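So this one's start.txt, compact mmCIF, C-alpha atoms:
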```txt
# COMPACT_ATOMS: atom_id res chain seq x y z
CA MET A 1 15.05 7.54 -14.01
CA PRO A 2 13.64 4.76 -16.21
CA ARG A 3 9.86 4.69 -16.33
CA ARG A 4 7.76 1.68 -15.46
CA ARG A 5 6.93 -0.56 -18.43
CA GLN A 6 3.27 -1.23 -19.10
CA GLY A 7 2.24 -4.62 -17.79
CA SER A 8 4.99 -5.09 -15.20
CA CYS A 9 4.26 -5.82 -11.52
CA ASP A 10 0.55 -6.23 -12.27
CA THR A 11 0.17 -8.67 -9.39
CA LEU A 12 1.53 -6.25 -6.77
CA MET A 13 -1.51 -5.31 -4.60
CA PRO A 14 -3.91 -5.18 -7.58
CA LEU A 15 -6.97 -4.15 -5.56
CA MET A 16 -5.10 -1.24 -3.99
CA ASN A 17 -3.97 -0.31 -7.50
CA ALA A 18 -7.45 -0.57 -9.05
CA PRO A 19 -9.68 2.40 -10.03
CA PHE A 20 -12.88 0.46 -9.25
CA ALA A 21 -16.15 2.24 -8.51
CA PRO A 22 -16.58 2.80 -4.74
CA GLY A 23 -18.68 0.03 -3.25
CA HIS A 24 -17.64 -2.50 -5.89
CA ALA A 25 -14.34 -3.80 -4.48
CA ARG A 26 -15.56 -7.38 -4.12
CA GLU A 27 -17.11 -7.28 -7.59
CA TYR A 28 -13.84 -6.03 -9.07
CA ALA A 29 -11.71 -8.66 -7.31
CA GLU A 30 -14.00 -11.50 -8.32
CA SER A 31 -14.11 -10.28 -11.93
CA LEU A 32 -10.37 -10.81 -12.42
CA PRO A 33 -9.27 -13.88 -14.41
CA GLU A 34 -8.18 -16.94 -12.46
CA GLY A 35 -4.57 -16.64 -11.38
CA PRO A 36 -2.29 -14.91 -8.87
CA ARG A 37 -3.65 -11.42 -9.58
CA ARG A 38 -7.18 -12.49 -8.62
CA GLU A 39 -5.91 -14.45 -5.61
CA VAL A 40 -4.02 -11.42 -4.30
CA ALA A 41 -7.01 -9.14 -4.85
CA LEU A 42 -9.30 -11.47 -2.89
CA ALA A 43 -6.78 -11.58 -0.03
CA GLU A 44 -6.60 -7.78 -0.08
CA PHE A 45 -10.39 -7.55 -0.01
CA ALA A 46 -10.52 -9.83 3.03
CA TYR A 47 -7.92 -7.72 4.83
CA PHE A 48 -9.43 -4.33 3.99
CA THR A 49 -12.86 -5.53 5.11
CA GLY A 50 -11.56 -6.65 8.49
CA ASP A 51 -11.31 -10.42 8.00
CA ALA A 52 -7.68 -10.94 8.99
CA ALA A 53 -8.00 -14.71 9.34
CA ARG A 54 -9.34 -15.12 5.80
CA ALA A 55 -6.77 -12.65 4.44
CA ALA A 56 -3.94 -14.68 5.97
CA ALA A 57 -5.41 -17.96 4.73
CA LEU A 58 -5.73 -16.64 1.17
CA ALA A 59 -2.34 -14.93 1.10
CA ARG A 60 -0.19 -17.58 2.78
CA PRO A 61 -0.04 -19.98 -0.21
CA LEU A 62 1.12 -17.06 -2.37
CA LEU A 63 4.31 -16.76 -0.34
CA ALA A 64 5.60 -19.63 -2.50
CA SER A 65 4.20 -18.27 -5.78
CA GLU A 66 6.41 -18.13 -8.85
CA ASP A 67 5.03 -14.62 -9.45
CA ALA A 68 7.22 -12.01 -7.74
CA GLY A 69 4.47 -9.41 -7.33
CA ALA A 70 2.17 -12.00 -5.77
CA ARG A 71 4.91 -13.06 -3.33
CA LEU A 72 5.55 -9.49 -2.24
CA SER A 73 1.84 -8.80 -1.89
CA ALA A 74 1.48 -11.92 0.23
CA CYS A 75 4.33 -10.72 2.45
CA LEU A 76 2.56 -7.44 3.15
CA ILE A 77 -0.91 -8.94 3.61
CA CYS A 78 0.31 -11.80 5.80
CA ALA A 79 2.39 -9.46 7.94
CA TYR A 80 -0.52 -7.14 8.75
CA ALA A 81 -3.04 -9.96 9.07
CA SER A 82 -0.67 -11.83 11.40
CA LEU A 83 -0.38 -8.77 13.63
CA ALA A 84 -4.17 -8.51 13.82
CA LEU A 85 -4.25 -12.20 14.79
CA ASP A 86 -1.45 -11.73 17.37
CA ARG A 87 0.93 -13.95 15.40
CA ILE A 88 4.01 -11.80 15.83
CA ASN A 89 6.57 -14.39 14.69
CA ASP A 90 4.63 -14.95 11.45
CA ALA A 91 4.62 -11.20 10.84
CA ARG A 92 8.38 -10.98 11.37
CA ALA A 93 9.05 -13.90 9.03
CA THR A 94 7.00 -12.49 6.17
CA LEU A 95 8.54 -9.04 6.53
CA ALA A 96 11.97 -10.65 6.33
CA ARG A 97 10.97 -12.14 2.98
CA ALA A 98 10.09 -8.70 1.65
CA ARG A 99 13.33 -7.17 2.91
CA ALA A 100 15.33 -9.88 1.15
CA GLY A 101 13.99 -8.69 -2.18
CA ILE A 102 15.80 -5.38 -1.82
CA GLU A 103 19.27 -6.88 -1.67
CA LYS A 104 18.62 -9.64 -4.20
CA PRO A 105 16.30 -9.04 -7.19
CA ILE A 106 13.55 -11.64 -7.23
CA GLY A 107 12.62 -11.91 -10.89
CA GLY A 108 9.36 -11.35 -12.75
CA GLY A 109 10.48 -8.09 -14.39
CA THR A 110 13.52 -5.87 -14.57
CA SER A 111 15.75 -5.63 -11.52
CA LEU A 112 14.78 -1.97 -11.12
CA GLU A 113 11.07 -2.74 -11.20
CA MET A 114 11.34 -5.60 -8.73
CA THR A 115 13.57 -3.60 -6.41
CA ALA A 116 11.01 -0.77 -6.53
CA ALA A 117 8.26 -3.26 -5.70
CA ALA A 118 10.22 -4.76 -2.81
CA SER A 119 11.13 -1.32 -1.48
CA PHE A 120 7.47 -0.27 -1.65
CA VAL A 121 6.50 -3.22 0.55
CA ALA A 122 9.44 -2.79 2.94
CA ARG A 123 8.95 0.98 3.29
CA THR A 124 5.22 0.57 3.86
CA ALA A 125 5.89 -1.92 6.64
CA SER A 126 8.67 0.19 8.13
CA VAL A 127 6.66 3.41 8.36
CA LEU A 128 3.30 1.99 9.38
CA LEU A 129 4.72 -0.50 11.89
CA HIS A 130 7.24 2.02 13.26
CA ILE A 131 10.25 -0.23 12.68
CA PRO A 132 13.67 0.75 11.24
CA GLU A 133 14.06 0.73 7.49
CA PRO A 134 16.22 -2.09 6.14
CA GLU A 135 19.66 -1.19 4.90
CA GLY A 136 19.94 -0.58 1.16
CA LEU A 137 16.40 0.73 0.74
CA PRO A 138 16.35 2.97 -2.37
CA PRO A 139 15.16 6.57 -1.82
CA ALA A 140 11.39 6.90 -2.15
CA GLY A 141 11.81 9.28 -5.08
CA GLU A 142 13.69 6.67 -7.10
CA ALA A 143 11.10 3.93 -6.64
CA LEU A 144 8.02 6.11 -7.12
CA PRO A 145 8.15 6.50 -10.95
CA LEU A 146 8.46 2.72 -11.36
CA LEU A 147 5.22 1.99 -9.51
CA PRO A 148 1.79 1.86 -11.18
CA PRO A 149 -0.57 4.81 -10.49
CA GLY A 150 -2.56 3.44 -7.56
CA LEU A 151 0.51 2.18 -5.72
CA ARG A 152 2.22 5.48 -6.44
CA LEU A 153 -0.62 7.19 -4.58
CA PHE A 154 -0.33 4.80 -1.66
CA ALA A 155 3.43 5.36 -1.57
CA CYS A 156 2.66 9.08 -1.28
CA TYR A 157 0.41 8.27 1.67
CA VAL A 158 3.23 6.30 3.31
CA GLN A 159 5.61 9.23 2.89
CA ALA A 160 2.96 11.64 4.19
CA HIS A 161 2.47 9.38 7.20
CA ARG A 162 6.21 9.44 7.84
CA LEU A 163 6.20 13.24 7.74
CA TYR A 164 3.28 13.28 10.17
CA LEU A 165 5.20 11.08 12.60
CA GLU A 166 8.14 13.48 12.32
CA GLY A 167 5.89 16.42 13.19
CA GLU A 168 6.00 17.91 9.68
CA HIS A 169 2.22 18.28 9.51
CA GLN A 170 2.04 21.06 6.94
CA THR A 171 4.51 19.33 4.61
CA SER A 172 2.60 16.09 5.03
CA GLN A 173 -0.67 17.79 4.14
CA GLY A 174 0.96 19.38 1.10
CA LEU A 175 2.09 15.96 -0.09
CA VAL A 176 -1.47 14.65 0.26
CA LEU A 177 -2.86 17.53 -1.78
CA GLY A 178 -0.17 17.01 -4.39
CA ALA A 179 -1.00 13.30 -4.61
CA PHE A 180 -4.67 14.05 -5.19
CA ALA A 181 -3.74 16.62 -7.84
CA MET A 182 -1.60 14.16 -9.79
CA GLN A 183 -4.07 11.24 -9.84
CA GLU A 184 -5.44 10.48 -13.28
CA ASP A 185 -8.32 8.36 -12.00
CA SER A 186 -10.06 7.57 -8.70
CA TYR A 187 -8.31 4.87 -6.67
CA PRO A 188 -10.56 4.28 -3.63
CA ILE A 189 -8.15 2.47 -1.30
CA PRO A 190 -5.21 4.92 -1.58
CA ALA A 191 -7.71 7.81 -1.48
CA ILE A 192 -9.12 6.66 1.86
CA TYR A 193 -5.65 6.51 3.39
CA LEU A 194 -4.64 9.88 1.94
CA HIS A 195 -7.78 11.50 3.34
CA LEU A 196 -7.12 9.97 6.76
CA VAL A 197 -3.55 11.21 7.01
CA ALA A 198 -4.87 14.64 6.01
CA VAL A 199 -7.28 14.37 8.96
CA MET A 200 -4.34 13.58 11.24
CA ASP A 201 -2.34 16.55 9.93
CA LEU A 202 -5.25 18.98 10.19
CA MET A 203 -6.24 17.89 13.69
CA ALA A 204 -2.62 18.32 14.77
CA ARG A 205 -2.90 21.88 13.46
CA ARG A 206 -6.31 22.36 15.15
CA GLN A 207 -8.17 22.79 11.86
CA ALA A 208 -11.20 20.71 12.76
CA ASP A 209 -13.54 21.87 9.98
CA GLU A 210 -11.06 21.00 7.24
CA ALA A 211 -10.31 17.68 8.97
CA ARG A 212 -14.02 16.87 9.06
CA ALA A 213 -14.28 17.45 5.31
CA HIS A 214 -11.50 14.92 4.64
CA LEU A 215 -13.03 12.42 7.06
CA LEU A 216 -16.40 12.63 5.33
CA ALA A 217 -14.71 12.26 1.94
CA ALA A 218 -12.95 9.09 3.18
CA TRP A 219 -16.21 7.75 4.60
CA GLU A 220 -18.03 8.36 1.32
```

Show this structure as structure tokens.
Amino acid sequence: MPRRRQGSCDTLMPLMNAPFAPGHAREYAESLPEGPRREVALAEFAYFTGDAARAAALARPLLASEDAGARLSACLICAYASLALDRINDARATLARARAGIEKPIGGGTSLEMTAAASFVARTASVLLHIPEPEGLPPAGEALPLLPPGLRLFACYVQAHRLYLEGEHQTSQGLVLGAFAMQEDSYPIPAIYLHLVAVMDLMARRQADEARAHLLAAWE
């Protein structure tokens, strides 16, 4: 499987993909140079801090961006923000944009890289919104090596969440532990989600003490 080239898809969820110091997410986003990467990061920050209206307002203009990673990021942010704002039709429309990128490469890098980016967005939406996967979605294992490190960790969370939903709690927990073992740096946003799915797995297995440890780690 070809490896991801350095510098590709840099605008795909850059805050999620950033190894910033915990507590400094806003500072990191605002430190980025003017352009689509900074705009996406600010929209992410708004969403992850509970301001769905601002997240949607910041991300919506990026749906028409010439930058493919920014467009895909906007699809994901707008979809989740729209759900929080009870704008179901808007959520459906933006998810349809992301799904279209799987069947037709959308530029901004190699076809493999862009297909991996589109499949990351579509799979994330499919698993976390409990909707069917679109046809033609590449296997998770094929897309994973083409993603940057932070998004690779979040993709592991998405797969672990899928396993949890299927009742494979021990396998899901093993995937979480493997994801933490492979990380080369600390990526706060994926780490929070990985800890939380570990809590879900451990509570399902009635291991409350271990679940508490993961919850406290996520809170920290």

- Task: May I have the residues within 12 Å of A:Glu27 as a list of chain:residue names, using all atoms listed in the file and disregarding those fewer than 3 positions away in the same chain?
- Result: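 Residues near the query, excluding close chain neighbours: A:Leu15, A:Ala18, A:Phe20, A:Ala21, A:Pro22, A:Gly23, A:His24, A:Glu30, A:Ser31, A:Leu32, A:Arg38, A:Ala41, A:Leu42, A:Phe45.
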
- Find the residues around A:His161 up to 9 Å (all atoms listed in the file counted), leave out those fewer than 4 positions away in its own chain, and share them as a list of chain:residue names.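 Listing them by chain and then by number gives A:Val127, A:Leu128, A:Cys156, A:Tyr157, A:Leu165, A:Glu166, A:Ser172, A:Leu194, A:Val197, A:Met200.
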
- Query: What's the 8 Å shell around stretch 47-57 of chain A, counting all atoms listed in the file, without same-chain residues fewer than 4 positions away, as number ranges by chain?
  - Reply: A: 42-43, 61, 77-78, 81-82, 84-85

- Atom-to-atom span, atom CA of A:Glu220 and atom CA of A:Ala191, Å: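 Answer for the atom CA of A:Glu220 to atom CA of A:Ala191 separation: 10.7 Å.
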
- Note on the structure: A straight line from atom CA of A:Leu216 to atom CA of A:Met182 spans 21.2 Å

- Tell me which protein, DNA and RNA residues are within 8 Å of stretch 116-119 of chain A, counting only C-alpha atoms, leaving out same-chain ones fewer than 2 positions away, and put them as an MDAnalysis selection string. chainID A and resid 9 12 69 72 98:99 101:102 112:114 121:123 137:138 142:144 146:147

Contacts of A:Gln173 at 12 Å or less, counting only C-alpha atoms, minus same-chain residues fewer than 3 places along, as a short mmCIF file (atom, residue, chain, number, x, y, z; two decimals) with C-alpha atoms, keeping the file's coordinate frame?
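Generated file (selection-v9.cif):
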```cif
data_model
loop_
_atom_site.label_atom_id
_atom_site.label_comp_id
_atom_site.auth_asym_id
_atom_site.auth_seq_id
_atom_site.Cartn_x
_atom_site.Cartn_y
_atom_site.Cartn_z
CA CYS A 156 2.66 9.08 -1.28
CA TYR A 157 0.41 8.27 1.67
CA GLN A 159 5.61 9.23 2.89
CA ALA A 160 2.96 11.64 4.19
CA HIS A 161 2.47 9.38 7.20
CA ARG A 162 6.21 9.44 7.84
CA LEU A 163 6.20 13.24 7.74
CA TYR A 164 3.28 13.28 10.17
CA GLY A 167 5.89 16.42 13.19
CA GLU A 168 6.00 17.91 9.68
CA HIS A 169 2.22 18.28 9.51
CA GLN A 170 2.04 21.06 6.94
CA VAL A 176 -1.47 14.65 0.26
CA LEU A 177 -2.86 17.53 -1.78
CA GLY A 178 -0.17 17.01 -4.39
CA ALA A 179 -1.00 13.30 -4.61
CA PHE A 180 -4.67 14.05 -5.19
CA LEU A 194 -4.64 9.88 1.94
CA HIS A 195 -7.78 11.50 3.34
CA LEU A 196 -7.12 9.97 6.76
CA VAL A 197 -3.55 11.21 7.01
CA ALA A 198 -4.87 14.64 6.01
CA VAL A 199 -7.28 14.37 8.96
CA MET A 200 -4.34 13.58 11.24
CA ASP A 201 -2.34 16.55 9.93
CA LEU A 202 -5.25 18.98 10.19
CA MET A 203 -6.24 17.89 13.69
CA ALA A 204 -2.62 18.32 14.77
CA ARG A 205 -2.90 21.88 13.46
CA GLN A 207 -8.17 22.79 11.86
CA GLU A 210 -11.06 21.00 7.24
CA ALA A 211 -10.31 17.68 8.97
CA HIS A 214 -11.50 14.92 4.64
#
```

- With all atoms listed in the file as the atoms that count, which of A:Thr171, A:Thr124, A:Gln183, A:Asn89 lies nearest to A:Val158? A:Thr124

Enclosing box along x, y and z for every listed atom of stretch 80-95 of chain A, padded 6 Å each side, centre and size in Å, one decimal, as lines of an AutoDock Vina configuration file:
```
center_x = 2.4
center_y = -11.0
center_z = 11.8
size_x = 25.3
size_y = 19.8
size_z = 23.2
```

- Task: Work out how far atom CA of A:Met13 is from atom CA of A:Pro134, in Å to one decimal.
- Result: 21.0 Å
